[in-house]
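**Student:** Got a structure for you, run39.txt, holding compact mmCIF, C-alpha atoms.
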# COMPACT_ATOMS: atom_id res chain seq x y z
CA MET P 100 -0.20 50.58 -25.48
CA ARG P 101 0.85 47.71 -27.67
CA GLU P 102 3.52 48.58 -30.20
CA VAL P 103 2.99 47.68 -33.84
CA GLN P 104 6.04 45.91 -35.17
CA ILE P 105 6.92 46.65 -38.76
CA PRO P 106 8.67 43.76 -40.48
CA LYS P 107 12.29 44.42 -41.36
CA MET P 108 13.55 44.13 -44.89
CA SER P 109 16.32 41.54 -45.02
CA PHE P 110 17.00 41.72 -48.77
CA ALA P 111 18.40 38.20 -48.42
CA VAL P 112 17.36 37.50 -52.01
CA LEU P 113 19.93 40.04 -53.23
CA SER P 114 22.70 37.72 -52.03
CA ASN P 115 21.34 35.06 -54.40
CA PRO P 116 23.55 35.18 -57.52
CA ASN P 117 20.91 33.57 -59.74
CA PHE P 118 18.26 36.11 -58.71
CA LYS P 119 20.71 38.95 -59.33
CA LEU P 120 21.33 37.62 -62.84
CA LEU P 121 17.59 37.33 -63.51
CA ALA P 122 16.90 40.79 -62.04
CA VAL P 123 19.74 42.55 -63.91
CA SER P 124 18.73 40.88 -67.18
CA GLY P 125 15.17 42.10 -66.50
CA ILE P 126 16.44 45.62 -65.79
CA ILE P 127 18.46 45.74 -69.00
CA SER P 128 15.69 44.36 -71.21
CA GLY P 129 13.14 46.49 -69.35
CA ILE P 130 15.00 49.66 -70.28
CA GLY P 131 14.36 49.03 -73.96
CA SER P 132 10.87 47.59 -73.50
CA SER P 133 9.68 50.62 -71.52
CA LEU P 134 10.53 52.86 -74.48
CA VAL P 135 8.69 50.80 -77.09
CA PRO P 136 4.97 51.52 -76.37
CA ILE P 137 5.24 55.30 -76.66
CA ALA P 138 7.68 54.97 -79.58
CA PHE P 139 5.22 52.77 -81.51
CA ALA P 140 2.35 55.12 -80.63
CA ILE P 141 4.21 58.15 -82.01
CA GLU P 142 5.38 56.29 -85.11
CA THR P 143 1.95 54.82 -85.96
CA ILE P 144 0.38 58.27 -85.72
CA ARG P 145 3.12 59.65 -87.98
CA VAL P 146 2.58 56.89 -90.56
CA GLU P 147 -1.24 56.85 -90.29
CA PRO P 148 -2.73 59.94 -88.58
CA GLN P 149 -6.39 58.79 -88.64
CA GLY P 150 -5.97 56.23 -85.86
CA TRP P 151 -6.86 52.92 -87.51
CA GLY P 152 -3.14 52.11 -87.73
CA MET P 153 -2.78 52.32 -83.95
CA ALA P 154 -5.75 49.97 -83.53
CA GLY P 155 -4.26 47.53 -86.05
CA VAL P 156 -0.89 47.40 -84.30
CA LEU P 157 -2.51 46.88 -80.88
CA ILE P 158 -4.83 44.15 -82.19
CA THR P 159 -1.96 42.19 -83.76
CA LEU P 160 0.09 42.57 -80.56
CA TRP P 161 -2.72 41.07 -78.45
CA LEU P 162 -3.42 38.41 -81.08
CA GLY P 163 0.22 37.34 -80.86
CA ARG P 164 0.04 37.29 -77.06
CA PHE P 165 -3.17 35.25 -77.13
CA LEU P 166 -1.92 32.63 -79.60
CA GLY P 167 1.45 32.49 -77.85
CA MET P 168 -0.31 31.97 -74.54
CA LEU P 169 -2.22 29.01 -75.95
CA ALA P 170 1.02 27.53 -77.23
CA TYR P 171 2.80 28.02 -73.89
CA ARG P 172 -0.08 26.35 -72.08
CA LYS P 173 0.30 23.25 -74.26
CA ILE P 174 4.09 22.92 -74.60
CA GLY P 175 5.69 25.24 -72.03
CA TYR P 176 6.47 22.51 -69.47
CA LEU P 177 8.07 20.27 -72.12
CA PHE P 178 11.16 22.48 -72.48
CA LYS P 179 13.81 23.71 -70.10
CA ASP P 180 12.94 27.10 -68.66
CA LYS P 181 16.32 28.60 -69.51
CA ILE P 182 15.96 27.58 -73.16
CA LEU P 183 12.44 29.04 -73.32
CA LEU P 184 13.64 32.33 -71.83
CA ILE P 185 16.52 32.63 -74.28
CA CYS P 186 14.28 31.71 -77.24
CA SER P 187 11.65 34.30 -76.23
CA LEU P 188 14.30 37.03 -75.96
CA THR P 189 15.74 35.97 -79.32
CA LEU P 190 12.30 36.18 -80.92
CA MET P 191 11.92 39.73 -79.54
CA ILE P 192 15.23 40.63 -81.20
CA VAL P 193 13.93 39.17 -84.48
CA ALA P 194 10.78 41.31 -84.20
CA GLN P 195 12.67 44.57 -83.66
CA VAL P 196 15.67 43.97 -85.95
CA GLY P 197 13.41 42.61 -88.69
CA LEU P 198 11.27 45.75 -88.55
CA LEU P 199 14.39 47.94 -88.52
CA TRP P 200 15.78 46.18 -91.58
CA CYS P 201 12.47 46.49 -93.45
CA ILE P 202 12.26 50.21 -92.62
CA VAL P 203 15.75 50.80 -94.01
CA ILE P 204 15.03 48.82 -97.19
CA LEU P 205 11.33 49.47 -97.82
CA GLY P 206 10.29 52.30 -95.54
CA ASN P 207 7.85 51.97 -92.66
CA SER P 208 4.18 50.98 -92.85
CA ILE P 209 1.35 49.84 -90.59
CA LEU P 210 1.62 46.33 -92.03
CA LEU P 211 5.30 46.02 -91.09
CA MET P 212 4.70 47.32 -87.56
CA SER P 213 1.74 44.96 -87.18
CA VAL P 214 3.85 41.94 -88.15
CA SER P 215 6.57 43.03 -85.73
CA SER P 216 3.99 43.51 -82.96
CA PHE P 217 2.54 40.05 -83.58
CA ILE P 218 5.97 38.38 -83.27
CA TYR P 219 6.75 40.49 -80.22
CA GLY P 220 3.45 39.46 -78.65
CA VAL P 221 4.15 35.75 -79.18
CA ALA P 222 7.59 36.14 -77.60
CA ALA P 223 6.23 38.09 -74.63
CA SER P 224 3.63 35.39 -73.93
CA PHE P 225 6.48 32.91 -73.37
CA ASN P 226 8.84 35.32 -71.62
CA ALA P 227 6.67 36.48 -68.69
CA PRO P 228 5.36 33.09 -67.45
CA THR P 229 8.80 31.51 -67.90
CA GLN P 230 10.31 34.12 -65.57
CA PHE P 231 7.43 33.45 -63.18
CA VAL P 232 8.22 29.71 -63.18
CA ILE P 233 11.98 30.22 -62.85
CA LEU P 234 11.75 32.45 -59.77
CA PRO P 235 10.67 29.82 -57.20
CA LYS P 236 13.34 27.47 -58.58
CA ILE P 237 16.23 29.88 -57.95
CA ALA P 238 14.92 31.61 -54.79
CA LYS P 239 13.93 30.20 -51.40
CA ALA P 240 10.28 30.31 -50.34
CA SER P 241 11.19 32.93 -47.72
CA GLU P 242 12.71 35.12 -50.45
CA LEU P 243 9.83 35.06 -52.92
CA ARG P 244 7.92 38.02 -51.49
CA GLU P 245 10.99 40.25 -51.65
CA ALA P 246 11.91 38.93 -55.11
CA ASN P 247 8.44 39.61 -56.57
CA SER P 248 8.31 43.02 -54.90
CA ILE P 249 11.69 44.08 -56.27
CA LEU P 250 10.77 43.01 -59.81
CA SER P 251 7.41 44.78 -59.52
CA ALA P 252 9.05 47.99 -58.23
CA LEU P 253 11.46 47.96 -61.16
CA GLY P 254 8.51 47.64 -63.53
CA ASP P 255 6.79 50.58 -61.82
CA ILE P 256 9.89 52.74 -62.20
CA PHE P 257 10.10 51.90 -65.90
CA GLY P 258 6.39 52.73 -66.19
CA ILE P 259 7.02 56.21 -64.77
CA PHE P 260 10.12 57.20 -66.75
CA GLY P 261 9.82 55.00 -69.87
CA PRO P 262 7.20 57.08 -71.73
CA ILE P 263 9.14 60.31 -71.14
CA ALA P 264 12.44 58.78 -72.26
CA GLY P 265 10.83 56.99 -75.22
CA ALA P 266 9.14 60.12 -76.54
CA THR P 267 12.38 62.11 -76.17
CA LEU P 268 14.44 59.49 -78.03
CA VAL P 269 11.92 59.20 -80.88
CA ILE P 270 11.77 62.98 -81.32
CA PHE P 271 15.52 63.57 -81.27
CA LEU P 272 17.05 60.28 -82.50
CA GLY P 273 14.20 58.61 -84.39
CA PHE P 274 12.04 55.50 -84.17
CA GLU P 275 14.79 53.36 -85.70
CA PHE P 276 17.17 54.15 -82.83
CA VAL P 277 14.60 52.91 -80.27
CA LEU P 278 14.23 49.64 -82.20
CA PHE P 279 18.00 49.18 -82.25
CA LEU P 280 18.32 49.99 -78.54
CA ASP P 281 15.52 47.57 -77.63
CA ALA P 282 17.15 44.76 -79.61
CA LEU P 283 20.53 45.51 -78.01
CA THR P 284 19.07 45.28 -74.49
CA PHE P 285 17.54 41.88 -75.31
CA LEU P 286 20.92 40.68 -76.59
CA LEU P 287 22.61 41.74 -73.35
CA ALA P 288 19.83 40.06 -71.37
CA ILE P 289 20.42 36.79 -73.25
CA PHE P 290 24.12 36.99 -72.35
CA LEU P 291 23.25 37.23 -68.65
CA VAL P 292 20.57 34.52 -68.78
CA MET P 293 23.14 32.08 -70.19
CA PHE P 294 24.89 32.15 -66.81
CA LEU P 295 21.72 31.25 -64.88
CA ARG P 296 21.86 27.99 -62.97
CA ILE P 297 18.35 26.61 -62.52
CA PRO P 298 18.13 23.56 -60.23
CA VAL P 299 16.40 20.54 -61.73
CA SER P 300 13.29 19.42 -59.88
CA PRO P 301 13.81 16.00 -58.21
CA ALA P 302 10.45 14.86 -59.58
CA SER P 303 11.66 15.29 -63.13
CA LEU P 304 14.89 13.30 -62.69
CA ASN P 305 15.30 9.76 -64.00
CA LYS P 306 12.06 9.86 -65.98
CA GLU P 307 11.56 8.98 -69.59
CA PRO P 308 9.88 11.75 -71.66
CA ALA P 309 6.69 9.76 -72.25
CA VAL P 310 6.33 8.93 -68.55
CA ALA P 311 7.00 12.53 -67.56
CA ASN P 312 4.43 13.82 -70.03
CA LYS P 313 1.76 11.45 -68.69
CA ALA P 314 2.59 12.50 -65.14
CA ASN P 315 2.28 16.15 -66.10
CA THR P 316 -1.08 15.52 -67.70
CA ARG P 317 -2.37 13.82 -64.55
CA THR P 318 -1.02 16.31 -61.99
CA GLU P 319 -1.42 19.68 -63.70
CA LYS P 320 -5.05 20.13 -62.60
CA LEU P 321 -5.30 23.01 -60.13
CA PRO P 322 -7.40 22.97 -56.90
CA ARG P 323 -10.90 24.41 -56.95
CA TRP P 324 -10.08 27.55 -54.98
CA THR P 325 -8.02 28.83 -57.90
CA ASN P 326 -11.17 28.96 -60.09
CA VAL P 327 -12.83 31.50 -57.77
CA CYS P 328 -9.64 33.56 -57.62
CA PHE P 329 -9.04 33.52 -61.38
CA LEU P 330 -12.64 34.59 -61.96
CA SER P 331 -12.13 37.62 -59.75
CA TRP P 332 -8.80 38.41 -61.41
CA PHE P 333 -10.43 38.20 -64.84
CA PHE P 334 -12.89 40.95 -63.97
CA CYS P 335 -10.12 42.98 -62.37
CA THR P 336 -8.00 42.81 -65.54
CA PHE P 337 -11.15 43.45 -67.57
CA ALA P 338 -11.66 46.62 -65.51
CA ILE P 339 -7.98 47.60 -65.88
CA GLY P 340 -8.19 47.22 -69.66
CA LEU P 341 -11.37 49.28 -69.84
CA SER P 342 -9.90 51.88 -67.47
CA GLY P 343 -6.76 52.10 -69.63
CA VAL P 344 -8.92 53.51 -72.43
CA ALA P 345 -11.70 55.09 -70.36
CA ALA P 346 -9.45 57.08 -68.04
CA PRO P 347 -7.63 59.18 -70.67
CA THR P 348 -10.77 59.52 -72.81
CA LEU P 349 -13.15 60.64 -70.07
CA ILE P 350 -10.62 62.72 -68.13
CA ILE P 351 -9.37 64.63 -71.17
CA SER P 352 -12.95 65.17 -72.34
CA ASN P 353 -14.27 66.28 -68.94
CA TYR P 354 -11.17 68.09 -67.69
CA SER P 355 -7.97 68.62 -69.73
CA PRO P 356 -4.84 66.80 -70.99
CA ALA P 357 -2.91 68.26 -68.04
CA THR P 358 -5.42 66.65 -65.67
CA TRP P 359 -4.89 63.25 -67.29
CA ALA P 360 -1.13 63.67 -66.88
CA ALA P 361 -1.62 64.32 -63.15
CA VAL P 362 -3.89 61.27 -62.79
CA ALA P 363 -1.42 59.07 -64.72
CA VAL P 364 1.41 60.13 -62.40
CA ALA P 365 -0.76 59.42 -59.33
CA MET P 366 -1.52 55.97 -60.74
CA ALA P 367 2.16 55.19 -61.39
CA VAL P 368 3.27 56.43 -57.96
CA GLY P 369 0.48 54.44 -56.30
CA SER P 370 1.61 51.27 -58.05
CA LEU P 371 5.20 51.90 -56.93
CA LEU P 372 3.99 52.38 -53.35
CA GLY P 373 2.16 49.03 -53.56
CA SER P 374 5.43 47.36 -54.59
CA LEU P 375 7.36 49.03 -51.77
CA MET P 376 4.74 48.09 -49.16
CA SER P 377 5.01 44.47 -50.28
CA LEU P 378 8.80 44.70 -50.20
CA THR P 379 8.84 45.93 -46.60
CA GLY P 380 6.60 43.07 -45.49
CA ILE P 381 3.96 45.37 -44.00
CA LEU P 382 1.23 43.36 -45.72
CA ASP P 383 2.55 39.94 -44.62
CA ARG P 384 0.05 39.65 -41.76
CA LEU P 385 -2.88 40.24 -44.09
CA PRO P 386 -4.13 37.25 -46.11
CA TRP P 387 -4.26 37.64 -49.88
CA LYS P 388 -8.05 37.44 -49.73
CA THR P 389 -8.26 40.65 -47.66
CA VAL P 390 -5.82 42.54 -49.89
CA HIS P 391 -7.60 41.40 -53.03
CA ILE P 392 -11.04 42.42 -51.75
CA PHE P 393 -9.66 45.91 -51.13
CA CYS P 394 -8.16 45.78 -54.64
CA SER P 395 -11.55 44.92 -56.20
CA VAL P 396 -13.45 47.56 -54.21
CA SER P 397 -10.82 50.18 -55.15
CA LEU P 398 -11.08 49.32 -58.84
CA ALA P 399 -14.87 49.46 -58.72
CA THR P 400 -14.70 52.86 -57.01
CA GLN P 401 -12.24 54.11 -59.61
CA LEU P 402 -14.51 53.16 -62.51
CA VAL P 403 -17.54 54.79 -60.90
CA ALA P 404 -15.51 57.95 -60.18
CA LEU P 405 -14.43 58.18 -63.82
CA GLY P 406 -18.04 58.67 -64.85
CA LEU P 407 -18.72 61.31 -62.20
CA SER P 408 -17.67 64.95 -62.03
CA VAL P 409 -15.43 64.61 -58.97
CA THR P 410 -12.61 67.04 -58.32
CA ILE P 411 -9.18 66.30 -59.70
CA TRP P 412 -7.65 65.74 -56.25
CA VAL P 413 -10.31 63.20 -55.29
CA LEU P 414 -9.79 61.38 -58.58
CA CYS P 415 -6.00 61.33 -58.09
CA LEU P 416 -6.47 59.95 -54.58
CA ILE P 417 -8.79 57.19 -55.80
CA VAL P 418 -6.50 56.01 -58.62
CA PHE P 419 -3.50 56.25 -56.26
CA PHE P 420 -5.04 53.79 -53.79
CA SER P 421 -6.47 51.64 -56.57
CA ALA P 422 -3.12 51.22 -58.33
CA GLY P 423 -1.37 50.44 -55.05
CA ALA P 424 -3.98 47.84 -54.12
CA VAL P 425 -3.82 46.13 -57.52
CA THR P 426 -0.02 45.92 -57.35
CA ALA P 427 0.03 44.65 -53.76
CA SER P 428 -2.62 42.02 -54.52
CA GLY P 429 -0.77 40.94 -57.65
CA ILE P 430 2.51 40.46 -55.76
CA LYS P 431 0.88 38.43 -52.96
CA TRP P 432 -1.00 36.38 -55.56
CA ALA P 433 2.17 35.57 -57.53
CA THR P 434 4.10 34.71 -54.36
CA MET P 435 1.26 32.46 -53.12
CA GLY P 436 1.14 30.58 -56.43
CA GLN P 437 4.92 30.10 -56.52
CA LYS P 438 4.87 28.69 -52.99
CA GLN P 439 1.85 26.40 -53.50
CA PHE P 440 2.74 24.76 -56.82
CA THR P 441 5.70 23.10 -58.50
CA ASP P 442 6.55 21.54 -61.86
CA ALA P 443 3.53 21.00 -64.15
CA LYS P 444 1.09 22.66 -61.74
CA LEU P 445 3.28 25.76 -61.59
CA HIS P 446 3.33 25.92 -65.40
CA ARG P 447 -0.44 25.44 -65.40
CA PHE P 448 -0.89 28.22 -62.83
CA ALA P 449 1.35 30.57 -64.85
CA SER P 450 -0.47 29.82 -68.12
CA VAL P 451 -3.97 30.30 -66.66
CA ASP P 452 -2.86 33.49 -64.92
CA GLN P 453 -1.52 34.77 -68.25
CA PHE P 454 -4.74 33.75 -70.01
CA VAL P 455 -6.79 35.78 -67.53
CA SER P 456 -4.81 38.97 -68.17
CA THR P 457 -4.35 38.34 -71.90
CA ALA P 458 -8.12 37.93 -72.37
CA GLY P 459 -9.35 40.46 -69.82
CA LEU P 460 -7.34 43.51 -70.87
CA PRO P 461 -8.27 43.65 -74.58
CA ILE P 462 -11.89 42.71 -73.86
CA GLY P 463 -12.12 45.73 -71.58
CA MET P 464 -10.65 47.97 -74.28
CA ILE P 465 -13.03 46.63 -76.92
CA ILE P 466 -16.10 46.98 -74.69
CA PHE P 467 -15.31 50.61 -74.02
CA GLY P 468 -14.77 51.22 -77.74
CA VAL P 469 -18.19 49.73 -78.55
CA ALA P 470 -19.78 51.78 -75.75
CA GLY P 471 -18.20 54.89 -77.22
CA THR P 472 -19.91 54.33 -80.58
CA LEU P 473 -23.24 54.06 -78.71
CA ASN P 474 -22.57 57.11 -76.49
CA HIS P 475 -22.81 55.04 -73.30
CA THR P 476 -19.24 55.33 -72.02
CA GLU P 477 -20.16 56.51 -68.51
CA ASN P 478 -22.82 53.81 -68.14
CA ILE P 479 -20.62 50.92 -69.24
CA THR P 480 -17.80 52.15 -67.02
CA ALA P 481 -20.08 52.06 -63.96
CA ILE P 482 -21.51 48.65 -64.94
CA VAL P 483 -18.04 47.11 -65.24
CA GLY P 484 -17.16 48.58 -61.85
CA LEU P 485 -20.20 46.79 -60.41
CA LEU P 486 -19.18 43.52 -62.10
CA VAL P 487 -15.73 43.73 -60.52
CA PHE P 488 -17.32 43.93 -57.08
CA VAL P 489 -19.86 41.15 -57.80
CA ALA P 490 -17.10 38.81 -59.00
CA THR P 491 -15.37 39.25 -55.64
CA LEU P 492 -18.44 38.20 -53.61
CA PRO P 493 -17.61 34.45 -53.76
CA LEU P 494 -14.31 35.27 -52.03
CA ILE P 495 -16.08 37.35 -49.39
CA PHE P 496 -18.83 34.89 -48.52
CA ALA P 497 -17.15 31.55 -49.16
CA ALA P 498 -16.50 30.15 -45.70
CA LYS P 499 -14.28 27.29 -46.82
CA THR P 500 -12.58 27.66 -50.15
CA GLY P 501 -9.30 26.00 -49.18
CA LEU P 502 -7.60 29.27 -50.05
CA PRO P 503 -4.13 29.47 -48.42
CA HIS P 504 -2.92 32.56 -46.56
What does the file become when written as structure tokens?

**Tutor:**
Amino acid sequence: MREVQIPKMSFAVLSNPNFKLLAVSGIISGIGSSLVPIAFAIETIRVEPQGWGMAGVLITLWLGRFLGMLAYRKIGYLFKDKILLICSLTLMIVAQVGLLWCIVILGNSILLMSVSSFIYGVAASFNAPTQFVILPKIAKASELREANSILSALGDIFGIFGPIAGATLVIFLGFEFVLFLDALTFLLAIFLVMFLRIPVSPASLNKEPAVANKANTRTEKLPRWTNVCFLSWFFCTFAIGLSGVAAPTLIISNYSPATWAAVAVAMAVGSLLGSLMSLTGILDRLPWKTVHIFCSVSLATQLVALGLSVTIWVLCLIVFFSAGAVTASGIKWATMGQKQFTDAKLHRFASVDQFVSTAGLPIGMIIFGVAGTLNHTENITAIVGLLVFVATLPLIFAAKTGLPH
């Protein structure tokens, strides 16, 4: 019988001082950022119990992310990545410290939290793609899979423990303390980022700004296969956004709050498992196309299951596999893009990828909200699940898309 060889984890990327700086700065800033969503949720409900305040804060956050994304797409490649990263972290500090100062002087309000969320959203839209672009510049191509997997696993861990810690801190120490802690973590992250050494691309050396800008304009167009992939990712993020609202709403209505807690834990653990599987290299032999098709089918199954009266254990199992598949596909997708593209094309890839998620997530939330007013939540959930699968068909049946492994 032929033995199946499991790839060994080398963790070579951990010997890279620049990656360690980027990862530790991400860990420190992630500690504060993981506390903020639940802290804002609790505070908005305290300030405005009817719920429109929560909607207002979320809308301004996504508006900031959307406008910031458009700005990054136009000007992101014109500035040094290190400067952009520091500026985005500084803007996050301004958002949190500014809100803290206003609360102390004026008292809190939905308007103040909305302004803070908008600024935070703009900063986040520069921060995430800049880190994405920096990674292939400071890590070898052979290290990218481990690097992306480690960063994803850290995010999963924050996703599991952040809400619990955030709620505890708000209850016992107050919303203001969470704002201060978040700002402090960003300040420490800036200190670490200042020591980053990002190699300059040979293509950008010895070029006048005007010449470089014209070259970027000519070469930033992405190959055709990315259009098919981004289309599929759009519907996946659309489904994730809808599921983010549909899952707690339908599960709590059909089962209980305790059931939703169990499903949420299964989802978080599944996502962490997806990161760990990518980290071990188990999925290296599978092309991204195969992993992503499983991701799309899992998401479609999850949405259909949400509208059906399946048992809690079946539902937990479905969301567990779905979350793991989404995470694994996302890591392979990011690694593939970082290996395939450089300079202006890499910025273009990062900006389009951010556009897909920035547009898809809130659209999914809005669609479910509209369906709720029409009493068609189960129907729209199943329809979106079908759309996710249909959007993947070009990947399944396209014989020659030029898609790399």

**Student:** Using only C-alpha atoms, which residues sit within 12 Å of region 472-475 of chain P once same-chain residues fewer than 6 positions away are excluded, as an MDAnalysis selection string?

**Tutor:** chainID P and resid 345 349 406 465:466 481:482

**Student:** What does the file look like for those residues with C-alpha atoms, as a CSV table (one decimal), in the coordinates of the input?

**Tutor:**
chain,number,residue,atom,x,y,z
P,345,ALA,CA,-11.7,55.1,-70.4
P,349,LEU,CA,-13.2,60.6,-70.1
P,406,GLY,CA,-18.0,58.7,-64.8
P,465,ILE,CA,-13.0,46.6,-76.9
P,466,ILE,CA,-16.1,47.0,-74.7
P,481,ALA,CA,-20.1,52.1,-64.0
P,482,ILE,CA,-21.5,48.6,-64.9

**Student:** Using only C-alpha atoms, tabulate the residues of region 396-441 of chain P lying at most 10 Å from any atom of region 322-337 of chain P, each with its closest atom pair and that distance in Å to one decimal, by chain and increasing residue number, as a tab-separated table.

**Tutor:**
residue	atom	partner	partner_atom	distance
P:Val396	CA	P:Cys335	CA	9.9
P:Leu398	CA	P:Cys335	CA	7.3
P:Ala399	CA	P:Cys335	CA	8.8
P:Val425	CA	P:Cys335	CA	8.6
P:Ser428	CA	P:Trp332	CA	9.9
P:Gly429	CA	P:Trp332	CA	9.2
P:Trp432	CA	P:Cys328	CA	9.3
P:Gly436	CA	P:Thr325	CA	9.4

**Student:** Using Å and a single decimal, report how far CA of Lys431 (chain P) sits from CA of Leu382 (chain P).

**Tutor:**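 Distance between the two atoms: 8.8 Å.
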
**Student:** Per residue of region 160-233 of chain P within 9 Å of region 440-456 of chain P, note the shortest atom pair and the distance in Å to one decimal, counting all atoms listed in the file, and order the rows by chain and increasing residue number, as CSV.

**Tutor:**
residue,atom,partner,partner_atom,distance
P:Phe165,CA,P:Phe454,CA,7.4
P:Met168,CA,P:Phe454,CA,6.6
P:Leu169,CA,P:Phe454,CA,8.0
P:Tyr171,CA,P:Ser450,CA,6.9
P:Arg172,CA,P:Ser450,CA,5.3
P:Gly175,CA,P:His446,CA,7.1
P:Tyr176,CA,P:His446,CA,6.2
P:Ser224,CA,P:Gln453,CA,7.7
P:Ala227,CA,P:Gln453,CA,8.4
P:Pro228,CA,P:Ala449,CA,5.4
P:Thr229,CA,P:Ala449,CA,8.1
P:Phe231,CA,P:Ala449,CA,6.9
P:Val232,CA,P:Leu445,CA,6.5

**Student:** If I take CA of Gly131 (chain P) and CA of Thr284 (chain P), how far is one from the other in Å, to one decimal?

**Tutor:** 6.0 Å

**Student:** At a cut-off of 10 Å around the point (-10.6, 67.2, -59.9) (file coordinates), what residues fall inside when counting all atoms listed in the file? I'd like the answer as a list in words.

**Tutor:**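 So the residues meeting the distance criterion are Ile350, Asn353, Tyr354, Thr358, Ala361, Val362, Ser408, Val409, Thr410, Ile411, Trp412, Val413, Leu414, Cys415 and Leu416 of chain P.
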
**Student:** CA of Leu385 (chain P) to CA of Gly343 (chain P): how many Å, to one decimal?

**Tutor:** 28.4 Å

**Student:** May I ask which of the residues P:Lys239, P:Arg244, P:Arg145, P:Lys388 is the closest one to Ser114 (chain P), counting only C-alpha atoms?

**Tutor:** P:Lys239

**Student:** Name the residues in contact with region 263-274 of chain P at a cut-off of 8 Å, using only C-alpha atoms, excluding same-chain residues fewer than 3 positions from it; report them as a list in words.

**Tutor:**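 My list of contacting residues is Ser133, Leu134, Val135, Ile137, Ala138, Phe139, Ile141, Glu142, Ile259, Phe260, Val277 and Leu278 of chain P.
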
**Student:** Skipping near chain neighbours, those fewer than 3 positions away, what residues fall within 8 Å of region 122-126 of chain P using all atoms listed in the file, listed as a list in words?

**Tutor:**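 Once the adjacent positions are removed, what remains is Phe118, Lys119, Gly129, Ile130, Leu250, Leu253, Leu287, Ala288, Ile289, Leu291 and Val292 of chain P.
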
**Student:** May I have the residues from that selection written out with C-alpha atoms, as a compact mmCIF listing (two decimals), in the frame of the given file?

**Tutor:**
# COMPACT_ATOMS: atom_id res chain seq x y z
CA PHE P 118 18.26 36.11 -58.71
CA LYS P 119 20.71 38.95 -59.33
CA GLY P 129 13.14 46.49 -69.35
CA ILE P 130 15.00 49.66 -70.28
CA LEU P 250 10.77 43.01 -59.81
CA LEU P 253 11.46 47.96 -61.16
CA LEU P 287 22.61 41.74 -73.35
CA ALA P 288 19.83 40.06 -71.37
CA ILE P 289 20.42 36.79 -73.25
CA LEU P 291 23.25 37.23 -68.65
CA VAL P 292 20.57 34.52 -68.78

**Student:** Which residue, P:Gln437, P:Gly468, P:Ile430, P:Leu280, has the smallest gap to Leu375 (chain P) when you use all atoms listed in the file?

**Tutor:**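 Checking each candidate against Leu375 (chain P), we get P:Ile430 as the closest.
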
**Student:** For Ser187 (chain P), which of P:Ala252, P:Leu283, P:Ala357, P:Gly167 is the closest residue, counting only C-alpha atoms?

**Tutor:**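 Comparing P:Ala252, P:Leu283, P:Ala357, P:Gly167 against Ser187 (chain P), the winner is P:Gly167.
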
**Student:** Between P:Gly463, P:Pro235, P:Pro493, P:Gly254, which is the closest to Met435 (chain P) once you count all atoms listed in the file?

**Tutor:**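 Checking each candidate against Met435 (chain P), we get P:Pro235 as the closest.
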